[in-house]
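Next comes work.pdb, with PDB, C-alpha atoms.
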ATOM      1  CA  MET E   1      25.402  12.545   4.682  1.00  0.00           C
ATOM      2  CA  ILE E   2      29.195  12.576   5.028  1.00  0.00           C
ATOM      3  CA  GLY E   3      30.784  15.450   3.093  1.00  0.00           C
ATOM      4  CA  LYS E   4      29.914  19.126   3.630  1.00  0.00           C
ATOM      5  CA  PRO E   5      29.348  21.672   0.818  1.00  0.00           C
ATOM      6  CA  THR E   6      31.795  24.084   2.504  1.00  0.00           C
ATOM      7  CA  TRP E   7      34.627  21.650   1.706  1.00  0.00           C
ATOM      8  CA  PHE E   8      34.027  21.718  -2.068  1.00  0.00           C
ATOM      9  CA  LYS E   9      33.463  23.939  -5.061  1.00  0.00           C
ATOM     10  CA  ARG E  10      31.638  23.094  -8.253  1.00  0.00           C
ATOM     11  CA  ARG E  11      33.710  21.956 -11.252  1.00  0.00           C
ATOM     12  CA  LYS E  12      33.462  24.521 -14.030  1.00  0.00           C
ATOM     13  CA  TYR E  13      36.301  23.854 -16.451  1.00  0.00           C
ATOM     14  CA  THR E  14      37.030  20.134 -16.042  1.00  0.00           C
ATOM     15  CA  GLY E  15      33.702  18.391 -16.493  1.00  0.00           C
ATOM     16  CA  TRP E  16      30.962  17.797 -13.969  1.00  0.00           C
ATOM     17  CA  GLY E  17      31.155  17.203 -10.220  1.00  0.00           C
ATOM     18  CA  ILE E  18      32.942  18.829  -7.297  1.00  0.00           C
ATOM     19  CA  TYR E  19      36.506  19.740  -6.386  1.00  0.00           C
ATOM     20  CA  PRO E  20      37.977  20.070  -2.867  1.00  0.00           C
ATOM     21  CA  LYS E  21      38.670  23.659  -1.884  1.00  0.00           C
ATOM     22  CA  ASN E  22      40.216  23.234   1.580  1.00  0.00           C
ATOM     23  CA  TRP E  23      42.035  20.669   3.702  1.00  0.00           C
ATOM     24  CA  GLN E  24      38.776  19.116   4.842  1.00  0.00           C
ATOM     25  CA  GLY E  25      37.827  18.372   1.220  1.00  0.00           C
ATOM     26  CA  TRP E  26      41.211  16.825   0.485  1.00  0.00           C
ATOM     27  CA  THR E  27      40.936  14.738   3.669  1.00  0.00           C
ATOM     28  CA  TYR E  28      37.533  13.503   2.445  1.00  0.00           C
ATOM     29  CA  ILE E  29      39.116  12.461  -0.889  1.00  0.00           C
ATOM     30  CA  ALA E  30      42.038  10.779   0.884  1.00  0.00           C
ATOM     31  CA  GLY E  31      39.543   8.945   3.074  1.00  0.00           C
ATOM     32  CA  ILE E  32      37.693   7.614   0.018  1.00  0.00           C
ATOM     33  CA  VAL E  33      40.946   6.412  -1.563  1.00  0.00           C
ATOM     34  CA  ALA E  34      42.002   4.799   1.723  1.00  0.00           C
ATOM     35  CA  ILE E  35      38.690   2.966   2.123  1.00  0.00           C
ATOM     36  CA  VAL E  36      38.737   1.702  -1.480  1.00  0.00           C
ATOM     37  CA  ALA E  37      42.324   0.473  -0.972  1.00  0.00           C
ATOM     38  CA  LEU E  38      41.333  -1.157   2.298  1.00  0.00           C
ATOM     39  CA  ILE E  39      38.447  -2.985   0.620  1.00  0.00           C
ATOM     40  CA  GLN E  40      40.763  -4.278  -2.115  1.00  0.00           C
ATOM     41  CA  TYR E  41      43.679  -5.365   0.086  1.00  0.00           C
ATOM     42  CA  ILE E  42      42.360  -6.218   3.541  1.00  0.00           C
ATOM     43  CA  PRO E  43      43.222  -9.876   4.148  1.00  0.00           C
ATOM     44  CA  LEU E  44      40.002 -11.818   4.581  1.00  0.00           C
ATOM     45  CA  ASP E  45      41.482 -15.323   4.681  1.00  0.00           C
ATOM     46  CA  PHE E  46      42.584 -15.132   8.280  1.00  0.00           C
ATOM     47  CA  MET E  47      38.989 -14.311   9.243  1.00  0.00           C
ATOM     48  CA  GLY E  48      37.901 -17.528   7.581  1.00  0.00           C
ATOM     49  CA  ILE E  49      35.963 -15.616   4.922  1.00  0.00           C
ATOM     50  CA  THR E  50      35.814 -17.289   1.526  1.00  0.00           C
ATOM     51  CA  GLY E  51      34.706 -15.864  -1.832  1.00  0.00           C
ATOM     52  CA  ASN E  52      37.081 -12.914  -1.390  1.00  0.00           C
ATOM     53  CA  SER E  53      36.812 -11.380  -4.832  1.00  0.00           C
ATOM     54  CA  GLN E  54      33.001 -11.410  -4.824  1.00  0.00           C
ATOM     55  CA  ILE E  55      32.884  -9.833  -1.354  1.00  0.00           C
ATOM     56  CA  ARG E  56      35.390  -7.184  -2.403  1.00  0.00           C
ATOM     57  CA  THR E  57      33.408  -6.423  -5.569  1.00  0.00           C
ATOM     58  CA  ILE E  58      30.129  -6.084  -3.683  1.00  0.00           C
ATOM     59  CA  ALA E  59      31.741  -3.948  -0.982  1.00  0.00           C
ATOM     60  CA  THR E  60      33.334  -1.696  -3.616  1.00  0.00           C
ATOM     61  CA  ILE E  61      30.026  -1.275  -5.458  1.00  0.00           C
ATOM     62  CA  VAL E  62      28.148  -0.462  -2.246  1.00  0.00           C
ATOM     63  CA  PHE E  63      30.806   2.056  -1.216  1.00  0.00           C
ATOM     64  CA  CYS E  64      30.797   3.678  -4.673  1.00  0.00           C
ATOM     65  CA  VAL E  65      27.003   4.044  -4.523  1.00  0.00           C
ATOM     66  CA  ILE E  66      27.330   5.736  -1.120  1.00  0.00           C
ATOM     67  CA  ILE E  67      29.981   8.121  -2.457  1.00  0.00           C
ATOM     68  CA  VAL E  68      27.939   8.963  -5.575  1.00  0.00           C
ATOM     69  CA  LEU E  69      24.865   9.697  -3.410  1.00  0.00           C
ATOM     70  CA  ASP E  70      26.991  11.809  -1.058  1.00  0.00           C
ATOM     71  CA  THR E  71      28.431  13.731  -4.022  1.00  0.00           C
ATOM     72  CA  ILE E  72      24.932  14.426  -5.357  1.00  0.00           C
ATOM     73  CA  HIS E  73      23.856  15.544  -1.879  1.00  0.00           C
ATOM     74  CA  ILE E  74      26.842  17.904  -1.612  1.00  0.00           C
ATOM     75  CA  MET E  75      26.265  19.324  -5.105  1.00  0.00           C
ATOM     76  CA  ALA E  76      22.578  19.948  -4.354  1.00  0.00           C
ATOM     77  CA  ARG E  77      23.601  22.029  -1.321  1.00  0.00           C
ATOM     78  CA  LEU E  78      26.450  23.984  -2.925  1.00  0.00           C
ATOM     79  CA  PRO E  79      25.530  27.671  -2.797  1.00  0.00           C
ATOM     80  CA  MET E  80      25.130  29.477  -6.119  1.00  0.00           C
ATOM     81  CA  ASP E  81      24.322  33.149  -6.540  1.00  0.00           C
ATOM     82  CA  GLU E  82      22.299  34.438  -9.507  1.00  0.00           C
ATOM     83  CA  ARG E  83      25.376  35.022 -11.667  1.00  0.00           C
ATOM     84  CA  ASP E  84      26.631  31.455 -10.980  1.00  0.00           C
ATOM     85  CA  ARG E  85      23.186  30.065 -11.889  1.00  0.00           C
ATOM     86  CA  ILE E  86      23.056  32.000 -15.165  1.00  0.00           C
ATOM     87  CA  HIS E  87      26.585  30.933 -16.126  1.00  0.00           C
ATOM     88  CA  GLU E  88      25.903  27.311 -15.252  1.00  0.00           C
ATOM     89  CA  ALA E  89      22.627  27.313 -17.190  1.00  0.00           C
ATOM     90  CA  ILE E  90      24.359  28.660 -20.313  1.00  0.00           C
ATOM     91  CA  ALA E  91      27.333  26.272 -19.975  1.00  0.00           C
ATOM     92  CA  GLU E  92      25.060  23.254 -19.432  1.00  0.00           C
ATOM     93  CA  ARG E  93      22.915  24.273 -22.416  1.00  0.00           C
ATOM     94  CA  ASN E  94      25.993  24.517 -24.651  1.00  0.00           C
ATOM     95  CA  ALA E  95      27.260  21.145 -23.386  1.00  0.00           C
ATOM     96  CA  LEU E  96      23.859  19.617 -24.152  1.00  0.00           C
ATOM     97  CA  TRP E  97      23.871  21.039 -27.679  1.00  0.00           C
ATOM     98  CA  ALA E  98      27.336  19.586 -28.293  1.00  0.00           C
ATOM     99  CA  ILE E  99      26.259  16.173 -26.978  1.00  0.00           C
ATOM    100  CA  MET E 100      22.994  16.199 -28.964  1.00  0.00           C
ATOM    101  CA  ALA E 101      24.862  17.218 -32.142  1.00  0.00           C
ATOM    102  CA  ALA E 102      27.298  14.342 -31.679  1.00  0.00           C
ATOM    103  CA  LEU E 103      24.480  11.850 -31.002  1.00  0.00           C
ATOM    104  CA  ALA E 104      22.395  13.078 -33.945  1.00  0.00           C
ATOM    105  CA  THR E 105      25.457  12.869 -36.209  1.00  0.00           C
ATOM    106  CA  GLY E 106      26.059   9.331 -34.975  1.00  0.00           C
ATOM    107  CA  VAL E 107      22.469   8.291 -35.672  1.00  0.00           C
ATOM    108  CA  GLY E 108      22.603   9.963 -39.086  1.00  0.00           C
ATOM    109  CA  TRP E 109      25.801   8.113 -39.943  1.00  0.00           C
ATOM    110  CA  GLN E 110      24.355   4.794 -38.785  1.00  0.00           C
ATOM    111  CA  ALA E 111      21.139   5.417 -40.747  1.00  0.00           C
ATOM    112  CA  ALA E 112      23.133   6.199 -43.884  1.00  0.00           C
ATOM    113  CA  THR E 113      25.334   3.110 -43.576  1.00  0.00           C
ATOM    114  CA  SER E 114      22.231   1.023 -42.777  1.00  0.00           C
ATOM    115  CA  ALA E 115      20.587   2.213 -45.987  1.00  0.00           C
ATOM    116  CA  LEU E 116      23.722   1.458 -47.993  1.00  0.00           C
ATOM    117  CA  ASN E 117      24.022  -2.015 -46.478  1.00  0.00           C
ATOM    118  CA  ASN E 118      20.246  -2.721 -46.643  1.00  0.00           C
ATOM    119  CA  LYS E 119      20.418  -3.701 -42.981  1.00  0.00           C
ATOM    120  CA  VAL E 120      19.186  -1.755 -39.947  1.00  0.00           C
ATOM    121  CA  GLN E 121      22.234  -1.047 -37.785  1.00  0.00           C
ATOM    122  CA  ILE E 122      21.236   1.817 -35.510  1.00  0.00           C
ATOM    123  CA  ASP E 123      22.354   1.767 -31.869  1.00  0.00           C
ATOM    124  CA  PRO E 124      19.160   1.912 -29.750  1.00  0.00           C
ATOM    125  CA  VAL E 125      21.089   3.506 -26.864  1.00  0.00           C
ATOM    126  CA  ILE E 126      21.674   6.620 -28.982  1.00  0.00           C
ATOM    127  CA  ILE E 127      17.954   6.813 -29.812  1.00  0.00           C
ATOM    128  CA  VAL E 128      17.092   6.421 -26.125  1.00  0.00           C
ATOM    129  CA  ALA E 129      19.551   9.199 -25.219  1.00  0.00           C
ATOM    130  CA  LEU E 130      18.021  11.588 -27.760  1.00  0.00           C
ATOM    131  CA  VAL E 131      14.470  10.768 -26.623  1.00  0.00           C
ATOM    132  CA  ALA E 132      15.501  11.165 -22.954  1.00  0.00           C
ATOM    133  CA  GLY E 133      16.871  14.636 -23.756  1.00  0.00           C
ATOM    134  CA  LEU E 134      13.654  15.536 -25.539  1.00  0.00           C
ATOM    135  CA  ILE E 135      11.525  14.382 -22.586  1.00  0.00           C
ATOM    136  CA  ALA E 136      13.733  16.239 -20.076  1.00  0.00           C
ATOM    137  CA  LYS E 137      13.448  19.467 -22.061  1.00  0.00           C
ATOM    138  CA  ALA E 138       9.662  19.172 -22.532  1.00  0.00           C
ATOM    139  CA  THR E 139       9.096  18.310 -18.865  1.00  0.00           C
ATOM    140  CA  THR E 140      11.247  21.204 -17.693  1.00  0.00           C
ATOM    141  CA  ASN E 141       9.429  23.680 -19.930  1.00  0.00           C
ATOM    142  CA  ILE E 142       6.020  22.432 -18.757  1.00  0.00           C
ATOM    143  CA  TYR E 143       7.133  22.773 -15.127  1.00  0.00           C
ATOM    144  CA  LEU E 144       8.571  26.260 -15.642  1.00  0.00           C
ATOM    145  CA  ASP E 145       5.501  27.478 -17.565  1.00  0.00           C
ATOM    146  CA  LYS E 146       3.271  26.401 -14.673  1.00  0.00           C
ATOM    147  CA  LYS E 147       5.614  27.742 -11.997  1.00  0.00           C
ATOM    148  CA  ASN E 148       6.231  31.218 -13.478  1.00  0.00           C
TER
ATOM    149  CA  MET T   1      24.683  49.587 -16.875  1.00  0.00           C
ATOM    150  CA  LYS T   2      27.348  51.525 -14.979  1.00  0.00           C
ATOM    151  CA  ASN T   3      27.444  51.621 -11.191  1.00  0.00           C
ATOM    152  CA  HIS T   4      29.257  53.208  -8.254  1.00  0.00           C
ATOM    153  CA  ILE T   5      29.580  50.070  -6.164  1.00  0.00           C
ATOM    154  CA  ALA T   6      33.386  50.189  -5.810  1.00  0.00           C
ATOM    155  CA  LYS T   7      33.377  53.823  -4.671  1.00  0.00           C
ATOM    156  CA  LEU T   8      30.468  53.375  -2.270  1.00  0.00           C
ATOM    157  CA  ARG T   9      31.925  50.141  -0.907  1.00  0.00           C
ATOM    158  CA  LYS T  10      35.204  51.850  -0.060  1.00  0.00           C
ATOM    159  CA  THR T  11      33.309  54.731   1.544  1.00  0.00           C
ATOM    160  CA  ALA T  12      31.415  52.209   3.666  1.00  0.00           C
ATOM    161  CA  ASN T  13      34.751  50.630   4.600  1.00  0.00           C
ATOM    162  CA  LEU T  14      33.827  47.211   3.278  1.00  0.00           C
ATOM    163  CA  THR T  15      36.013  44.699   1.495  1.00  0.00           C
ATOM    164  CA  GLN T  16      34.664  42.878  -1.527  1.00  0.00           C
ATOM    165  CA  GLU T  17      34.405  39.726   0.588  1.00  0.00           C
ATOM    166  CA  GLU T  18      32.466  41.466   3.331  1.00  0.00           C
ATOM    167  CA  LEU T  19      30.006  42.988   0.855  1.00  0.00           C
ATOM    168  CA  ALA T  20      29.628  39.630  -0.888  1.00  0.00           C
ATOM    169  CA  ALA T  21      28.934  37.880   2.425  1.00  0.00           C
ATOM    170  CA  GLN T  22      26.369  40.525   3.413  1.00  0.00           C
ATOM    171  CA  ILE T  23      24.297  40.159   0.275  1.00  0.00           C
ATOM    172  CA  GLY T  24      24.830  36.425  -0.256  1.00  0.00           C
ATOM    173  CA  VAL T  25      26.885  36.390  -3.458  1.00  0.00           C
ATOM    174  CA  THR T  26      30.448  35.360  -4.297  1.00  0.00           C
ATOM    175  CA  ARG T  27      33.384  37.746  -4.372  1.00  0.00           C
ATOM    176  CA  GLN T  28      33.644  37.023  -8.117  1.00  0.00           C
ATOM    177  CA  THR T  29      30.152  38.461  -8.585  1.00  0.00           C
ATOM    178  CA  ILE T  30      31.125  41.639  -6.701  1.00  0.00           C
ATOM    179  CA  ILE T  31      34.212  41.951  -8.923  1.00  0.00           C
ATOM    180  CA  ALA T  32      32.086  41.474 -12.057  1.00  0.00           C
ATOM    181  CA  LEU T  33      29.605  44.097 -10.791  1.00  0.00           C
ATOM    182  CA  GLU T  34      32.333  46.655  -9.997  1.00  0.00           C
ATOM    183  CA  GLN T  35      33.870  46.162 -13.432  1.00  0.00           C
ATOM    184  CA  ASN T  36      30.428  46.688 -15.058  1.00  0.00           C
ATOM    185  CA  ARG T  37      30.599  43.205 -16.581  1.00  0.00           C
ATOM    186  CA  TYR T  38      27.382  42.016 -14.935  1.00  0.00           C
ATOM    187  CA  ASN T  39      23.937  43.618 -14.524  1.00  0.00           C
ATOM    188  CA  PRO T  40      22.237  42.404 -11.333  1.00  0.00           C
ATOM    189  CA  SER T  41      18.600  41.429 -10.997  1.00  0.00           C
ATOM    190  CA  LEU T  42      16.259  43.930  -9.322  1.00  0.00           C
ATOM    191  CA  GLY T  43      16.358  41.949  -6.078  1.00  0.00           C
ATOM    192  CA  LEU T  44      20.144  41.883  -6.014  1.00  0.00           C
ATOM    193  CA  ALA T  45      20.327  45.584  -6.904  1.00  0.00           C
ATOM    194  CA  HIS T  46      18.080  46.343  -3.914  1.00  0.00           C
ATOM    195  CA  ALA T  47      20.225  44.180  -1.636  1.00  0.00           C
ATOM    196  CA  ILE T  48      23.380  45.972  -2.783  1.00  0.00           C
ATOM    197  CA  THR T  49      21.750  49.378  -2.249  1.00  0.00           C
ATOM    198  CA  LYS T  50      20.733  48.387   1.272  1.00  0.00           C
ATOM    199  CA  ALA T  51      24.155  46.932   2.118  1.00  0.00           C
ATOM    200  CA  LEU T  52      25.844  50.142   0.954  1.00  0.00           C
ATOM    201  CA  LYS T  53      23.370  52.142   3.064  1.00  0.00           C
ATOM    202  CA  GLN T  54      22.054  54.193   0.149  1.00  0.00           C
ATOM    203  CA  SER T  55      18.457  55.423   0.047  1.00  0.00           C
ATOM    204  CA  THR T  56      17.735  54.671  -3.617  1.00  0.00           C
ATOM    205  CA  ILE T  57      18.975  52.325  -6.332  1.00  0.00           C
ATOM    206  CA  GLU T  58      19.718  55.378  -8.544  1.00  0.00           C
ATOM    207  CA  LYS T  59      22.509  56.355  -6.145  1.00  0.00           C
ATOM    208  CA  VAL T  60      24.244  53.049  -6.810  1.00  0.00           C
ATOM    209  CA  PHE T  61      23.363  52.340 -10.452  1.00  0.00           C
ATOM    210  CA  ASP T  62      23.245  54.718 -13.423  1.00  0.00           C
ATOM    211  CA  LEU T  63      19.878  53.769 -14.890  1.00  0.00           C
ATOM    212  CA  GLY T  64      19.871  56.480 -17.576  1.00  0.00           C
TER
END
I'd like the structure from this file rewritten - as structure tokens, please.
Amino acid sequence: MIGKPTWFKRRKYTGWGIYPKNWQGWTYIAGIVAIVALIQYIPLDFMGITGNSQIRTIATIVFCVIIVLDTIHIMARLPMDERDRIHEAIAERNALWAIMAALATGVGWQAATSALNNKVQIDPVIIVALVAGLIAKATTNIYLDKKN
Amino acid sequence: MKNHIAKLRKTANLTQEELAAQIGVTRQTIIALEQNRYNPSLGLAHAITKALKQSTIEKVFDLG
């Protein structure tokens, strides 16, 4: 892909993703900003191209998909020693617990208000998120039990 | 678990970065090890022992 893992470090304190750690990383970020700006402002009329806003939207979406895939590729190749892996595992577990607690609280609240209003008003996206977490955990444990 | 990594590293004339690069960990991990804030896995303990040119793990780590 485009970016190299040596240009970035993993975000630890400000969410998920990567952060540039040298001039090459910052140049990569500047390049992304420049390309997005170019897509938004490049004059297409003089080229006889019509439907500008749709073309710009499609081009922006395609570029964003490329950048997201490149970011995932960089993150997958970022080196982590055993201490980094342990710390990340614990931090991700705690983040998951916080998210699951918030989602479960939300579902509980919606269930309670549904019961009071005699009308089912539970957001299915929250249920899907909780079930997805459950499946991810079960699948991971099955994989690890077989592997080790 | 206490260790003698800092002393042995200085005897071997290695910086924390050089030792980290040799055994494939970050400098932060070497700092945590030297300050006895992190206990390495057996594999990492062996790698550290080898990098510091010691014959046994017991010379690097106080296992008692």
If I take CA of Asp123 (chain E) and CA of Val65 (chain E), how far is one from the other in Å, to one decimal?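 Taking CA of Asp123 (chain E) as the start and CA of Val65 (chain E) as the end point, the length is 27.8 Å.
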Explicit residue set for the PyMOL selection byres ((chain T) within 9 of (chain E)), as an NGL selection string: :T and (24-26 or 29 or 38 or 40-41 or 44)
12 Å contact set for Lys2 (chain T), all atoms listed in the file, chain neighbours under 5 positions out, as a ChimeraX atom specification: /T:32-40,58-64
Nearby residues (only C-alpha atoms) at most 12 Å from Leu8 (chain T), same-chain spacing under 6 positions excluded, as number ranges by chain: T: 14-16, 19, 34, 48-54, 59-61
If I take CA of Val131 (chain E) and CA of Arg85 (chain E), how far is one from the other in Å, to one decimal?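 Those two atoms sit 25.8 Å apart.
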Result set of the PyMOL selection byres ((chain E and resi 9) around 7) on the coordinates above, as a CSV table (one decimal) with C-alpha atoms, keeping the file's coordinate frame:
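Below you can see part_30.csv, which holds the result:
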chain,number,residue,atom,x,y,z
E,8,PHE,CA,34.0,21.7,-2.1
E,10,ARG,CA,31.6,23.1,-8.3
E,11,ARG,CA,33.7,22.0,-11.3
E,18,ILE,CA,32.9,18.8,-7.3
E,19,TYR,CA,36.5,19.7,-6.4
E,20,PRO,CA,38.0,20.1,-2.9
E,21,LYS,CA,38.7,23.7,-1.9
At what distance in Å, to one decimal, does CA of Pro5 (chain E) lie from CA of Ile61 (chain E)?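 So the answer is 23.8 Å.
Considering all atoms listed in the file, the residue among E:Thr6, E:Ile39, E:Ile66, E:Lys119 positioned nearest to Trp23 (chain E) is E:Thr6.
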Selected by the PyMOL selection byres ((chain E and resi 40) around 9) in the shown coordinates: which residues, as a count of residues only? 12
Selection: 7 Å around Asp70 (chain E), only C-alpha atoms, excl. self and same-chain fewer than 3 positions, as a list of chain:residue names: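 Surrounding residues, per the criterion: E:Met1, E:Ile2, E:Gly3, E:Ile66, E:Ile67, E:His73, E:Ile74.
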Taking all listed atoms of region 10-14 of chain T, build the axis-aligned box, pad each of the six sides by 4 Å, then write its centre and edge lengths in Å to one decimal as JSON.
{"center_x": 33.3, "center_y": 51.0, "center_z": 2.3, "size_x": 11.8, "size_y": 15.5, "size_z": 12.7}
How would region 120-129 of chain E look with all heavy atoms restored, written as a PDB file, in the coordinates of the input?
ATOM      1  N   VAL E 120      19.333  -2.755 -41.009  1.00  0.00           N
ATOM      2  CA  VAL E 120      19.186  -1.755 -39.947  1.00  0.00           C
ATOM      3  C   VAL E 120      20.276  -1.957 -38.896  1.00  0.00           C
ATOM      4  O   VAL E 120      20.354  -3.011 -38.255  1.00  0.00           O
ATOM      5  CB  VAL E 120      17.791  -1.868 -39.281  1.00  0.00           C
ATOM      6  CG1 VAL E 120      17.693  -0.883 -38.112  1.00  0.00           C
ATOM      7  CG2 VAL E 120      16.688  -1.604 -40.290  1.00  0.00           C
ATOM      8  N   GLN E 121      21.133  -0.938 -38.761  1.00  0.00           N
ATOM      9  CA  GLN E 121      22.234  -1.047 -37.785  1.00  0.00           C
ATOM     10  C   GLN E 121      22.334   0.253 -37.000  1.00  0.00           C
ATOM     11  O   GLN E 121      23.341   0.948 -37.068  1.00  0.00           O
ATOM     12  CB  GLN E 121      23.554  -1.318 -38.516  1.00  0.00           C
ATOM     13  CG  GLN E 121      23.684  -2.716 -39.039  1.00  0.00           C
ATOM     14  CD  GLN E 121      24.935  -2.912 -39.886  1.00  0.00           C
ATOM     15  OE1 GLN E 121      25.282  -2.043 -40.693  1.00  0.00           O
ATOM     16  NE2 GLN E 121      25.583  -4.026 -39.730  1.00  0.00           N
ATOM     17  N   ILE E 122      21.251   0.581 -36.306  1.00  0.00           N
ATOM     18  CA  ILE E 122      21.236   1.817 -35.510  1.00  0.00           C
ATOM     19  C   ILE E 122      21.258   1.448 -34.038  1.00  0.00           C
ATOM     20  O   ILE E 122      20.455   0.619 -33.591  1.00  0.00           O
ATOM     21  CB  ILE E 122      20.000   2.682 -35.835  1.00  0.00           C
ATOM     22  CG1 ILE E 122      20.071   3.131 -37.295  1.00  0.00           C
ATOM     23  CG2 ILE E 122      19.919   3.890 -34.917  1.00  0.00           C
ATOM     24  CD1 ILE E 122      18.887   3.949 -37.748  1.00  0.00           C
ATOM     25  N   ASP E 123      22.198   2.054 -33.297  1.00  0.00           N
ATOM     26  CA  ASP E 123      22.354   1.767 -31.869  1.00  0.00           C
ATOM     27  C   ASP E 123      21.139   2.301 -31.106  1.00  0.00           C
ATOM     28  O   ASP E 123      20.907   3.525 -31.094  1.00  0.00           O
ATOM     29  CB  ASP E 123      23.630   2.433 -31.355  1.00  0.00           C
ATOM     30  CG  ASP E 123      23.984   1.994 -29.955  1.00  0.00           C
ATOM     31  OD1 ASP E 123      23.095   1.479 -29.238  1.00  0.00           O
ATOM     32  OD2 ASP E 123      25.153   2.165 -29.567  1.00  0.00           O
ATOM     33  N   PRO E 124      20.359   1.430 -30.466  1.00  0.00           N
ATOM     34  CA  PRO E 124      19.160   1.912 -29.750  1.00  0.00           C
ATOM     35  C   PRO E 124      19.503   2.809 -28.573  1.00  0.00           C
ATOM     36  O   PRO E 124      18.694   3.655 -28.185  1.00  0.00           O
ATOM     37  CB  PRO E 124      18.479   0.618 -29.274  1.00  0.00           C
ATOM     38  CG  PRO E 124      19.551  -0.414 -29.285  1.00  0.00           C
ATOM     39  CD  PRO E 124      20.503  -0.033 -30.357  1.00  0.00           C
ATOM     40  N   VAL E 125      20.707   2.658 -28.012  1.00  0.00           N
ATOM     41  CA  VAL E 125      21.089   3.506 -26.864  1.00  0.00           C
ATOM     42  C   VAL E 125      21.146   4.976 -27.285  1.00  0.00           C
ATOM     43  O   VAL E 125      20.729   5.868 -26.529  1.00  0.00           O
ATOM     44  CB  VAL E 125      22.453   3.047 -26.284  1.00  0.00           C
ATOM     45  CG1 VAL E 125      22.936   4.011 -25.215  1.00  0.00           C
ATOM     46  CG2 VAL E 125      22.340   1.647 -25.711  1.00  0.00           C
ATOM     47  N   ILE E 126      21.615   5.234 -28.497  1.00  0.00           N
ATOM     48  CA  ILE E 126      21.674   6.620 -28.982  1.00  0.00           C
ATOM     49  C   ILE E 126      20.262   7.182 -29.129  1.00  0.00           C
ATOM     50  O   ILE E 126      19.993   8.334 -28.764  1.00  0.00           O
ATOM     51  CB  ILE E 126      22.438   6.711 -30.319  1.00  0.00           C
ATOM     52  CG1 ILE E 126      23.885   6.249 -30.148  1.00  0.00           C
ATOM     53  CG2 ILE E 126      22.401   8.134 -30.852  1.00  0.00           C
ATOM     54  CD1 ILE E 126      24.712   6.300 -31.409  1.00  0.00           C
ATOM     55  N   ILE E 127      19.355   6.370 -29.661  1.00  0.00           N
ATOM     56  CA  ILE E 127      17.954   6.813 -29.812  1.00  0.00           C
ATOM     57  C   ILE E 127      17.355   7.110 -28.439  1.00  0.00           C
ATOM     58  O   ILE E 127      16.689   8.135 -28.246  1.00  0.00           O
ATOM     59  CB  ILE E 127      17.108   5.738 -30.530  1.00  0.00           C
ATOM     60  CG1 ILE E 127      17.701   5.379 -31.892  1.00  0.00           C
ATOM     61  CG2 ILE E 127      15.662   6.192 -30.655  1.00  0.00           C
ATOM     62  CD1 ILE E 127      17.648   6.496 -32.898  1.00  0.00           C
ATOM     63  N   VAL E 128      17.614   6.218 -27.483  1.00  0.00           N
ATOM     64  CA  VAL E 128      17.092   6.421 -26.125  1.00  0.00           C
ATOM     65  C   VAL E 128      17.646   7.707 -25.530  1.00  0.00           C
ATOM     66  O   VAL E 128      16.925   8.477 -24.889  1.00  0.00           O
ATOM     67  CB  VAL E 128      17.431   5.200 -25.223  1.00  0.00           C
ATOM     68  CG1 VAL E 128      17.155   5.510 -23.757  1.00  0.00           C
ATOM     69  CG2 VAL E 128      16.638   3.986 -25.662  1.00  0.00           C
ATOM     70  N   ALA E 129      18.932   7.978 -25.757  1.00  0.00           N
ATOM     71  CA  ALA E 129      19.551   9.199 -25.219  1.00  0.00           C
ATOM     72  C   ALA E 129      18.892  10.439 -25.804  1.00  0.00           C
ATOM     73  O   ALA E 129      18.590  11.403 -25.084  1.00  0.00           O
ATOM     74  CB  ALA E 129      21.058   9.197 -25.516  1.00  0.00           C
TER      75      ALA E 129
END
